[in-house]
Each structure stands twice: as C-alpha cells, then as structure tokens.
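The structure appears right after this line, and notes come after that.
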Amino acid sequence: MHRRSIAIVTFGCQMNDRDSEALVGIFLDKGYILTEDIYQADVILVNTCSVRKHAEDRAISFIGSIRKIIEYRQGKNNSLRSVVGLIGCMARSRGEEIFKKMPHVNLICSSAMLYKLPEYAEEILKGDKDRIIDLEDNKREEWFYHSPFRFDKNHAYVVISTGCSNYCSYCVVPYVRGELRLRDPQDIIEEVKKNISLGIKKITLLGQNVNDYYYIYSDNYSGVRILGGEEIKDKNIFSFVDLLKELDKIDEIEEIDFITSHPKNTSRDLFYLMANSKKFKKHLHLPFQSGSDRILKLMNRGYTKDKYLSLVDDFKMIVKGTLSTDVIVGFPTETEDDFLHTKDVLEKVKFKYAYIFKYSVRQNTQSAKLEDDVSQGEKERRHRILLELQKRLSLSI
Ligand code: 5AD
Ligand code: SF4
C-alpha cells in the first residue's frame, strides 16, 4: 500500500521551526512518512514568514518553483493528486492573492489553524475538495503543542504564547499571527516534562515578547493589567518570571533560555533570576531597533535610548552575560543624526550578535502610512556601516 508522505519547507523564525516540527508530528501520527524529496511528497507544506519583504519574496519564488514539480507528478501519472500548502504568516498577508495567482497552490492555512492541516490534506487527496483556504484567527487547540516529534533530540522549543498585541508600528506580526494568546502554565510545564521524559534537557521558551506572558488564576480578579506597561503585582497574576521560577524547580532541566524579550517590560526580577540559577543561559536577546528617541516613538516601542542603555547596564551588572539585538535602519524620516544614535548604541553595548535589517513597508501596519522616504541606496549604506561595525565589535567579545 502507498504510504503518504509529507515534505515541509520552513522560512523565518524559531516559532515557525517549532510549528513545522509539531505539524510533522501530527502528520506522522496519521501514518504519513516524512521526506526531503519534494518531487515524491504527496503533501508539500511551505511555512512562511512575513516579517520583512525579503522573506516574503523568497517564499513566493519558492512556491512558484513548485509548480514544475506538480506538473512533473501529473505528467508521470495523471491520477497523482498532491497538496501544495502555503501556511504560516503569509497565509493572512498574501494568501488570497496567491490563491488567485497560483492555481497549483491548493491549500492555504493561517498559523492559528495549523492543527487542521491533516484533515484538509485528506479532503484534497481524496478528491472531496479541490482547494481549501482557512484564514481564521483563533486560539489554537492545546493538543497541537503536545505533538511529541522533535527534530533535535537534545533541545526543544516550547511555545508559551502566540501572536502579539504590542503593535510596534513597523511590524506585521499582530496582523498575521493575531493578538496575544497565552497558554496555561500547567500545559507548558507538562510539555516541558514530556520533553524531559524523552531525554531532552535544554529548553528554549518562545513568544513574540515573552515578558507579555501572564496568567490569571482567579476568575474574580478585577484589576486591569496593562500589557507591556508597568509590572502589576497581584497575587492572582502569574507572570513570565513566575513561569521561569516554576521551570527552575525541575531538577532534570540543564539549560533554559527564551526569545524574545522586549526592553519596555524586561524586569530586573528577570535578571536576578537569570543570575541566581545555573540553569539559565547567561545570554539575552534584547532588540533595541533604533537609538533615536524620535524614531523609537514613531516605532511605538515604549522606551528611550537612555532607558535601554540603563537596562543593559543592569543586565551586565546583575547577570554578567552577553547580549544580542535586532536593529532596523532606514525607518521613515530617519536622518543621519538618528542613525548615529543607533550606531552609538551598538558601540556602547557591544553585542555578541546584532541582526541588522533595512526597513521594508508591511501592509496594514501604522508605519505603512508614513512615506518610505529613506532611499534604497541610503538604507544600504547605513546597513553596511552597521554590519562592518558589528563585525569588528563582535570580534572583541
Ligand atoms: N522592516 C524591517 N525589519 C523589520 N523587522 C520587523 N519588521 C520589520 C520591517 N517592517 C525586524 C525587527 C524585528 C525582526 C524580527 O525583524 O528588527 O525585531
Ligand atoms: Fe512585532 Fe513589536 Fe510584537 Fe515584536 S513586540 S512581534 S516587533 S509588534
């Protein structure tokens, strides 16, 4: 009997890596085999990223190239049906357009609905449906996270939240991955323990901004929690640091880290915990995006250059660890002076790694309303200067 096979190609971040891995797990449960040979696969899934235009362009050209594979399969045997699925961020940003323009793409599915993919693939392979598009934004079914399949037998990504409600003005994530949604701490801990039972002792927690994680135990809690604002201490609120403290109690874990931490609500409590437990990696990814207060305000980031630098000082003093960051050059209206402030932050902090990006307009975002007025040439010049600077600085760490 022909055993169905699945191939999955992933673009983008660790969140997508974990989603792809969980998906493979649920397809294996249904009797599929995993293949790297996309010419042979019955189901080809392309897990996409929308964060920057460059990422979308790469995925679109890849999806375009799959058309030849489908023609090859159909040429070989006319009855061979295949599923070509575009999933992840681009489903919501470009899905409808791609559905119209690329007839060989017969399945489009948003991040929230990934758990339905085996069912959708079955409907297409059986011929019940020709094409399916599901762009729903919803809380995911919890069981999706418990898919036990892991590509790496020593390290596991564990998602603690999906989506984001911070609305940084340049960022498409809240639109394509939906608003912030949180998993129950008990479920997260159970998933971590399941990994331990498989012999995995290194854990990376994933959230667009892990500091936004919270859980309210009591239904009659009547306070207001300001997301991304000041920390609110209430006995009913279980915070990200509380979650880390619970994980720290699990003896078998050897190493814990997490991405990403937004500077506006990264707390000193977190630093003390990182310093005081051997389990925490002494490294923090802390994107500052820009060193100019004016641009930070336009980006809706909620901190200033000085606040960022003082957070870094505290981190260095308390944790004594290394830092990495993300930077955007060429945000609308960015002047040479704004850019020099960004360069100054790189020089002062001395990051171990810095990921430097040229601004690109993302549909629906607030900054898309501003004129993209820094020329491509100027973006490239600023990008090159920071890359060269960072190369020199990272050698000294
Ligand atoms: N243009 C350029 N870079 C962006 N990023 C997010 N949105 C954009 C955009 N519109 C970068 C940020 C973020 C990283 C994941 O991608 O630096 O931290
Ligand atoms: Fe995007 Fe800002 Fe949310 Fe990060 S915190 S995912 S940059 S909106």
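Residues are named by chain letter and number: chains run A, B, ... in the order of the structure tokens, numbers start at 1 in each chain, and ligands are numbered from 1 in the order shown.
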If you run DSSP on this backbone, which residues of range 228-290 of chain A come out as helix (DSSP H, G or I), and could you give them as a list in words?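 Restricting range 228-290 of chain A to helix (DSSP H, G or I) produces Phe240, Val241, Asp242, Leu243, Leu244, Lys245, Glu246, Leu247, Asp248, Pro263, Lys264, Asn265, Arg268, Asp269, Leu270, Phe271, Tyr272, Leu273, Met274, Ala275 and Asn276 of chain A.
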Just to be explicit: take each residue in the selection above, keep C-alpha atoms, and write the result as a PDB file, in the first residue's frame.
```pdb
ATOM      1  CA  PHE A 240       6.713  35.215  32.920  1.00  0.00           C
ATOM      2  CA  VAL A 241       9.229  35.328  35.772  1.00  0.00           C
ATOM      3  CA  ASP A 242       6.879  33.119  37.833  1.00  0.00           C
ATOM      4  CA  LEU A 243       6.769  30.652  34.958  1.00  0.00           C
ATOM      5  CA  LEU A 244      10.570  30.603  34.825  1.00  0.00           C
ATOM      6  CA  LYS A 245      10.708  30.046  38.589  1.00  0.00           C
ATOM      7  CA  GLU A 246       8.456  27.006  38.207  1.00  0.00           C
ATOM      8  CA  LEU A 247      10.662  25.600  35.447  1.00  0.00           C
ATOM      9  CA  ASP A 248      13.759  26.309  37.512  1.00  0.00           C
ATOM     10  CA  PRO A 263      13.034  46.141  26.504  1.00  0.00           C
ATOM     11  CA  LYS A 264       9.914  48.032  27.607  1.00  0.00           C
ATOM     12  CA  ASN A 265       8.865  45.323  30.057  1.00  0.00           C
ATOM     13  CA  ARG A 268      15.202  43.403  36.978  1.00  0.00           C
ATOM     14  CA  ASP A 269      13.448  40.420  38.628  1.00  0.00           C
ATOM     15  CA  LEU A 270      14.242  38.512  35.467  1.00  0.00           C
ATOM     16  CA  PHE A 271      17.911  39.467  35.705  1.00  0.00           C
ATOM     17  CA  TYR A 272      18.154  38.346  39.343  1.00  0.00           C
ATOM     18  CA  LEU A 273      16.595  35.013  38.447  1.00  0.00           C
ATOM     19  CA  MET A 274      18.963  34.577  35.484  1.00  0.00           C
ATOM     20  CA  ALA A 275      21.906  35.402  37.726  1.00  0.00           C
ATOM     21  CA  ASN A 276      20.908  33.160  40.594  1.00  0.00           C
TER      22      ASN A 276
END
```
Strand (DSSP E) residues, from DSSP on the backbone, in range 147-283 of chain A, as a short mmCIF file (atom, residue, chain, number, x, y, z; two decimals) with all heavy atoms, in the first residue's frame:
```cif
data_model
loop_
_atom_site.label_atom_id
_atom_site.label_comp_id
_atom_site.auth_asym_id
_atom_site.auth_seq_id
_atom_site.Cartn_x
_atom_site.Cartn_y
_atom_site.Cartn_z
N HIS A 155 17.46 19.30 22.36
CA HIS A 155 16.97 20.64 22.67
C HIS A 155 15.55 20.80 22.15
O HIS A 155 15.22 20.32 21.06
CB HIS A 155 17.90 21.66 22.00
CG HIS A 155 17.33 23.03 21.96
ND1 HIS A 155 16.69 23.54 20.86
CD2 HIS A 155 17.27 23.99 22.91
CE1 HIS A 155 16.27 24.76 21.14
NE2 HIS A 155 16.62 25.07 22.37
N ALA A 156 14.69 21.48 22.94
CA ALA A 156 13.30 21.65 22.49
C ALA A 156 12.88 23.11 22.56
O ALA A 156 13.19 23.82 23.53
CB ALA A 156 12.36 20.82 23.35
N TYR A 157 12.15 23.54 21.54
CA TYR A 157 11.45 24.83 21.59
C TYR A 157 10.08 24.58 22.20
O TYR A 157 9.39 23.64 21.81
CB TYR A 157 11.25 25.38 20.18
CG TYR A 157 12.51 25.87 19.51
CD1 TYR A 157 12.97 25.29 18.33
CD2 TYR A 157 13.23 26.93 20.06
CE1 TYR A 157 14.11 25.76 17.72
CE2 TYR A 157 14.38 27.39 19.45
CZ TYR A 157 14.82 26.81 18.28
OH TYR A 157 15.95 27.26 17.67
N VAL A 158 9.69 25.44 23.13
CA VAL A 158 8.37 25.33 23.74
C VAL A 158 7.68 26.69 23.62
O VAL A 158 8.17 27.69 24.15
CB VAL A 158 8.47 24.88 25.21
CG1 VAL A 158 7.10 24.92 25.89
CG2 VAL A 158 9.07 23.47 25.29
N VAL A 159 6.56 26.71 22.91
CA VAL A 159 5.82 27.96 22.69
C VAL A 159 5.02 28.30 23.95
O VAL A 159 4.30 27.45 24.47
CB VAL A 159 4.85 27.78 21.49
CG1 VAL A 159 3.95 29.00 21.32
CG2 VAL A 159 5.62 27.49 20.21
N SER A 161 3.37 31.53 24.14
CA SER A 161 2.28 32.41 23.69
C SER A 161 2.35 32.53 22.18
O SER A 161 3.41 32.34 21.59
CB SER A 161 2.42 33.79 24.32
OG SER A 161 3.63 34.40 23.91
N THR A 162 1.22 32.87 21.58
CA THR A 162 1.23 33.14 20.14
C THR A 162 0.72 34.56 19.92
O THR A 162 0.09 35.15 20.80
CB THR A 162 0.32 32.17 19.36
OG1 THR A 162 -1.00 32.30 19.87
CG2 THR A 162 0.81 30.74 19.45
N ARG A 181 -2.02 35.51 22.57
CA ARG A 181 -2.80 34.44 23.19
C ARG A 181 -1.85 33.60 24.03
O ARG A 181 -0.73 33.31 23.61
CB ARG A 181 -3.49 33.59 22.13
CG ARG A 181 -4.57 34.39 21.42
CD ARG A 181 -5.52 33.49 20.68
NE ARG A 181 -6.66 34.24 20.18
CZ ARG A 181 -6.72 34.80 18.99
NH1 ARG A 181 -5.72 34.72 18.15
NH2 ARG A 181 -7.80 35.45 18.62
N LEU A 182 -2.31 33.22 25.20
CA LEU A 182 -1.41 32.62 26.19
C LEU A 182 -1.79 31.19 26.49
O LEU A 182 -2.97 30.86 26.57
CB LEU A 182 -1.51 33.44 27.49
CG LEU A 182 -1.25 34.94 27.26
CD1 LEU A 182 -2.00 35.77 28.27
CD2 LEU A 182 0.23 35.23 27.29
N LYS A 202 17.46 20.59 27.37
CA LYS A 202 17.67 22.01 27.07
C LYS A 202 16.39 22.56 26.45
O LYS A 202 15.89 22.00 25.48
CB LYS A 202 18.83 22.20 26.10
CG LYS A 202 20.15 21.80 26.70
CD LYS A 202 21.28 22.06 25.76
CE LYS A 202 22.56 21.63 26.47
NZ LYS A 202 23.72 21.75 25.63
N ILE A 203 15.89 23.66 27.02
CA ILE A 203 14.59 24.18 26.61
C ILE A 203 14.73 25.65 26.22
O ILE A 203 15.34 26.44 26.95
CB ILE A 203 13.58 24.11 27.80
CG1 ILE A 203 13.47 22.68 28.35
CG2 ILE A 203 12.22 24.70 27.43
CD1 ILE A 203 12.71 21.71 27.49
N THR A 204 14.13 26.02 25.09
CA THR A 204 14.02 27.44 24.73
C THR A 204 12.54 27.79 24.68
O THR A 204 11.78 27.20 23.90
CB THR A 204 14.65 27.72 23.35
OG1 THR A 204 16.04 27.37 23.40
CG2 THR A 204 14.53 29.20 22.99
N LEU A 205 12.12 28.75 25.52
CA LEU A 205 10.72 29.18 25.51
C LEU A 205 10.55 30.23 24.40
O LEU A 205 11.41 31.09 24.22
CB LEU A 205 10.34 29.79 26.85
CG LEU A 205 10.55 28.90 28.07
CD1 LEU A 205 10.19 29.66 29.35
CD2 LEU A 205 9.71 27.63 27.97
N LEU A 206 9.42 30.13 23.70
CA LEU A 206 9.20 31.04 22.57
C LEU A 206 7.93 31.87 22.74
O LEU A 206 6.86 31.35 23.07
CB LEU A 206 9.02 30.24 21.27
CG LEU A 206 10.19 29.40 20.76
CD1 LEU A 206 9.78 28.66 19.49
CD2 LEU A 206 11.41 30.26 20.51
N TYR A 214 1.41 36.17 30.89
CA TYR A 214 0.80 36.21 32.22
C TYR A 214 -0.34 35.21 32.24
O TYR A 214 -0.81 34.76 31.19
CB TYR A 214 0.29 37.61 32.58
CG TYR A 214 -0.95 38.01 31.81
CD1 TYR A 214 -2.21 37.92 32.39
CD2 TYR A 214 -0.85 38.47 30.49
CE1 TYR A 214 -3.34 38.29 31.68
CE2 TYR A 214 -1.97 38.82 29.78
CZ TYR A 214 -3.21 38.73 30.37
OH TYR A 214 -4.33 39.08 29.66
N TYR A 215 -0.75 34.90 33.43
CA TYR A 215 -1.88 34.01 33.57
C TYR A 215 -2.67 34.43 34.80
O TYR A 215 -2.08 34.69 35.85
CB TYR A 215 -1.40 32.56 33.70
CG TYR A 215 -2.51 31.59 33.45
CD1 TYR A 215 -2.93 31.31 32.16
CD2 TYR A 215 -3.16 30.98 34.52
CE1 TYR A 215 -3.97 30.45 31.92
CE2 TYR A 215 -4.21 30.10 34.28
CZ TYR A 215 -4.61 29.85 32.98
OH TYR A 215 -5.65 29.01 32.76
N ILE A 216 -3.96 34.54 34.68
CA ILE A 216 -4.77 34.94 35.84
C ILE A 216 -5.48 33.71 36.37
O ILE A 216 -6.28 33.10 35.67
CB ILE A 216 -5.77 36.04 35.45
CG1 ILE A 216 -5.02 37.28 34.96
CG2 ILE A 216 -6.66 36.40 36.65
CD1 ILE A 216 -5.88 38.36 34.39
N ILE A 237 -1.92 37.12 39.67
CA ILE A 237 -1.24 37.12 38.36
C ILE A 237 0.04 36.31 38.43
O ILE A 237 0.88 36.50 39.28
CB ILE A 237 -0.94 38.55 37.88
CG1 ILE A 237 -2.26 39.23 37.52
CG2 ILE A 237 -0.04 38.52 36.65
CD1 ILE A 237 -2.09 40.53 36.81
N PHE A 238 0.13 35.42 37.49
CA PHE A 238 1.30 34.57 37.36
C PHE A 238 2.06 35.13 36.16
O PHE A 238 1.53 35.16 35.04
CB PHE A 238 0.77 33.16 37.10
CG PHE A 238 1.81 32.11 36.97
CD1 PHE A 238 2.29 31.43 38.09
CD2 PHE A 238 2.29 31.75 35.72
CE1 PHE A 238 3.24 30.43 37.96
CE2 PHE A 238 3.24 30.75 35.59
CZ PHE A 238 3.71 30.09 36.72
N SER A 239 3.27 35.61 36.38
CA SER A 239 3.99 36.33 35.33
C SER A 239 4.98 35.41 34.60
O SER A 239 5.16 34.24 34.97
CB SER A 239 4.77 37.48 35.95
OG SER A 239 5.82 36.93 36.73
N GLU A 255 19.34 23.39 30.91
CA GLU A 255 19.51 24.75 30.36
C GLU A 255 18.18 25.32 29.90
O GLU A 255 17.41 24.65 29.21
CB GLU A 255 20.48 24.68 29.18
CG GLU A 255 20.92 26.04 28.69
CD GLU A 255 21.89 25.89 27.53
OE1 GLU A 255 23.10 25.77 27.80
OE2 GLU A 255 21.44 25.86 26.38
N ILE A 256 17.92 26.58 30.31
CA ILE A 256 16.70 27.26 29.87
C ILE A 256 17.10 28.60 29.25
O ILE A 256 17.92 29.33 29.82
CB ILE A 256 15.75 27.58 31.05
CG1 ILE A 256 15.47 26.35 31.90
CG2 ILE A 256 14.45 28.21 30.56
CD1 ILE A 256 14.67 26.64 33.18
N ASP A 257 16.53 28.91 28.11
CA ASP A 257 16.60 30.28 27.62
C ASP A 257 15.28 30.63 26.94
O ASP A 257 14.35 29.81 26.94
CB ASP A 257 17.83 30.54 26.74
CG ASP A 257 17.80 29.81 25.42
OD1 ASP A 257 16.98 28.88 25.27
OD2 ASP A 257 18.57 30.16 24.53
N PHE A 258 15.17 31.83 26.41
CA PHE A 258 13.88 32.29 25.92
C PHE A 258 14.10 33.41 24.91
O PHE A 258 15.07 34.16 25.00
CB PHE A 258 13.00 32.79 27.08
CG PHE A 258 13.76 33.57 28.11
CD1 PHE A 258 13.96 34.93 27.95
CD2 PHE A 258 14.32 32.93 29.21
CE1 PHE A 258 14.70 35.63 28.87
CE2 PHE A 258 15.06 33.64 30.15
CZ PHE A 258 15.26 35.00 29.97
N ILE A 259 13.21 33.53 23.94
CA ILE A 259 13.20 34.63 22.98
C ILE A 259 11.76 34.94 22.61
O ILE A 259 10.97 34.01 22.47
CB ILE A 259 14.00 34.34 21.69
CG1 ILE A 259 13.93 32.85 21.36
CG2 ILE A 259 15.41 34.84 21.72
CD1 ILE A 259 14.67 32.45 20.13
N HIS A 283 22.63 34.72 28.52
CA HIS A 283 22.57 35.48 27.27
C HIS A 283 21.13 35.96 27.09
O HIS A 283 20.18 35.24 27.36
CB HIS A 283 22.97 34.59 26.08
CG HIS A 283 22.89 35.35 24.79
ND1 HIS A 283 23.93 36.14 24.34
CD2 HIS A 283 21.90 35.50 23.88
CE1 HIS A 283 23.57 36.72 23.21
NE2 HIS A 283 22.33 36.34 22.91
#
```
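Omitting Glu347 in chain A and its sequence neighbours fewer than 2 positions away, and counting only C-alpha atoms, the residues within 10 Å are His341, Thr342, Lys343, Asp344, Val345, Val349, Lys350, Phe351, Leu386, Leu389, Gln390 and Leu393 of chain A.
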Can you pull out every residue within 8 Å of range 286-293 of chain A, counting only C-alpha atoms, but drop anything in the same chain fewer than 6 positions away, and send it as number ranges by chain? A: 260-263, 303-305, 308, 323-329, 338-345
If you keep N, CA, C and O atoms, can you produce a file of those selected residues as a tab-separated table (two decimals), in the first residue's frame?
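Okay, this is what ended up in out_24.tsv:
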```
chain	number	residue	atom	x	y	z
A	260	THR	N	11.43	36.22	22.48
A	260	THR	CA	12.23	37.43	22.52
A	260	THR	C	11.82	38.29	23.71
A	260	THR	O	10.65	38.26	24.09
A	261	SER	N	12.75	39.10	24.25
A	261	SER	CA	12.44	39.99	25.36
A	261	SER	C	12.35	41.42	24.85
A	261	SER	O	13.30	41.92	24.25
A	262	HIS	N	11.21	42.04	25.09
A	262	HIS	CA	11.03	43.45	24.68
A	262	HIS	C	11.57	44.34	25.79
A	262	HIS	O	11.20	44.17	26.95
A	263	PRO	N	12.43	45.31	25.45
A	263	PRO	CA	13.03	46.14	26.50
A	263	PRO	C	12.01	46.87	27.37
A	263	PRO	O	12.26	47.14	28.53
A	303	TYR	N	10.17	52.95	24.96
A	303	TYR	CA	11.36	53.23	25.78
A	303	TYR	C	12.22	54.25	25.02
A	303	TYR	O	11.97	54.52	23.84
A	304	THR	N	13.18	54.80	25.74
A	304	THR	CA	14.11	55.74	25.12
A	304	THR	C	15.50	55.09	25.05
A	304	THR	O	15.73	54.05	25.68
A	305	LYS	N	16.40	55.76	24.36
A	305	LYS	CA	17.77	55.26	24.27
A	305	LYS	C	18.37	55.13	25.67
A	305	LYS	O	18.98	54.11	26.01
A	308	TYR	N	16.99	52.21	27.59
A	308	TYR	CA	17.56	50.96	27.06
A	308	TYR	C	18.97	50.76	27.61
A	308	TYR	O	19.31	49.67	28.10
A	323	LEU	N	24.79	39.82	25.21
A	323	LEU	CA	23.54	40.31	24.64
A	323	LEU	C	23.55	40.18	23.12
A	323	LEU	O	24.61	40.22	22.49
A	324	SER	N	22.36	40.05	22.55
A	324	SER	CA	22.22	40.19	21.10
A	324	SER	C	21.03	41.10	20.84
A	324	SER	O	20.26	41.41	21.77
A	325	THR	N	20.89	41.54	19.59
A	325	THR	CA	19.85	42.54	19.32
A	325	THR	C	19.39	42.52	17.88
A	325	THR	O	20.01	41.86	17.04
A	326	ASP	N	18.28	43.22	17.63
A	326	ASP	CA	17.81	43.48	16.26
A	326	ASP	C	17.80	44.99	16.05
A	326	ASP	O	17.46	45.74	16.97
A	327	VAL	N	18.14	45.40	14.84
A	327	VAL	CA	18.19	46.82	14.51
A	327	VAL	C	17.54	47.03	13.15
A	327	VAL	O	17.71	46.21	12.25
A	328	ILE	N	16.78	48.13	13.03
A	328	ILE	CA	16.23	48.49	11.72
A	328	ILE	C	16.86	49.81	11.28
A	328	ILE	O	16.86	50.77	12.05
A	329	VAL	N	17.40	49.84	10.07
A	329	VAL	CA	17.88	51.12	9.53
A	329	VAL	C	16.93	51.58	8.43
A	329	VAL	O	16.30	50.77	7.76
A	338	ASP	N	19.72	60.55	13.56
A	338	ASP	CA	19.02	59.40	14.17
A	338	ASP	C	19.89	58.15	14.03
A	338	ASP	O	20.08	57.38	14.96
A	339	PHE	N	20.42	57.99	12.82
A	339	PHE	CA	21.23	56.81	12.53
A	339	PHE	C	22.47	56.77	13.43
A	339	PHE	O	22.84	55.69	13.95
A	340	LEU	N	23.08	57.94	13.67
A	340	LEU	CA	24.29	57.96	14.50
A	340	LEU	C	23.98	57.53	15.94
A	340	LEU	O	24.81	56.95	16.62
A	341	HIS	N	22.75	57.82	16.40
A	341	HIS	CA	22.35	57.34	17.73
A	341	HIS	C	22.26	55.81	17.76
A	341	HIS	O	22.62	55.17	18.74
A	342	THR	N	21.77	55.23	16.67
A	342	THR	CA	21.71	53.76	16.59
A	342	THR	C	23.13	53.17	16.62
A	342	THR	O	23.42	52.22	17.36
A	343	LYS	N	24.00	53.81	15.85
A	343	LYS	CA	25.40	53.36	15.80
A	343	LYS	C	26.02	53.47	17.20
A	343	LYS	O	26.76	52.58	17.64
A	344	ASP	N	25.68	54.55	17.89
A	344	ASP	CA	26.22	54.78	19.24
A	344	ASP	C	25.80	53.65	20.20
A	344	ASP	O	26.61	53.18	21.01
A	345	VAL	N	24.54	53.19	20.08
A	345	VAL	CA	24.09	52.10	20.97
A	345	VAL	C	24.91	50.83	20.68
A	345	VAL	O	25.38	50.15	21.59
```
Ligand 2: which residues are within 8 Å, counting only C-alpha atoms and all ligand atoms? Reply as a list in words.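 Every residue with an atom at most 8 Å from ligand 2 is listed here: Gly163, Cys164, Ser165, Asn166, Tyr167, Cys168, Ser169, Tyr170, Cys171, Val172, Val173, Pro174, Gln208, Asn209, Thr260, His262 and Arg301 of chain A.
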Which one of A:Phe62, A:Tyr353, A:Phe11, A:Tyr120 sits closest to Arg392 in chain A if you count only C-alpha atoms?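 Looking at the shortest contact to Arg392 in chain A, the residue is A:Tyr353.
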How close does range 111-133 of chain A get to range 31-40 of chain A? List, as a Markdown table, each residue of range 111-133 of chain A within 12 Å, its nearest atom pair and the distance in Å to one decimal, counting only C-alpha atoms.
```
| residue | atom | partner | partner_atom | distance |
| --- | --- | --- | --- | --- |
| A:Pro118 | CA | A:Tyr32 | CA | 9.7 |
| A:Ala121 | CA | A:Tyr32 | CA | 11.3 |
| A:Glu122 | CA | A:Tyr32 | CA | 11.2 |
```
Which residue out of A:Lys193, A:Arg131, A:Arg362, A:Lys126 has the minimum interatomic distance to His146 in chain A when only C-alpha atoms are used?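 Answer, going by the shortest atom-to-atom distance: A:Lys193.
Among the candidates A:Ala55, A:Ile188, A:Leu80, A:Leu309, the one nearest to ligand 1 when counting only C-alpha atoms and all ligand atoms is A:Ala55.
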For range 103-113 of chain A, find every residue with an atom within 7 Å (counting only C-alpha atoms), except residues of its own chain fewer than 2 positions away, and show them as a PyMOL selection string. chain A and resi 67+83-89+91-92+95+99-101+115-116+130-140+177
What is the CA of Arg94 in chain A-CA of Phe144 in chain A distance in Å, reported with one decimal? 24.4 Å
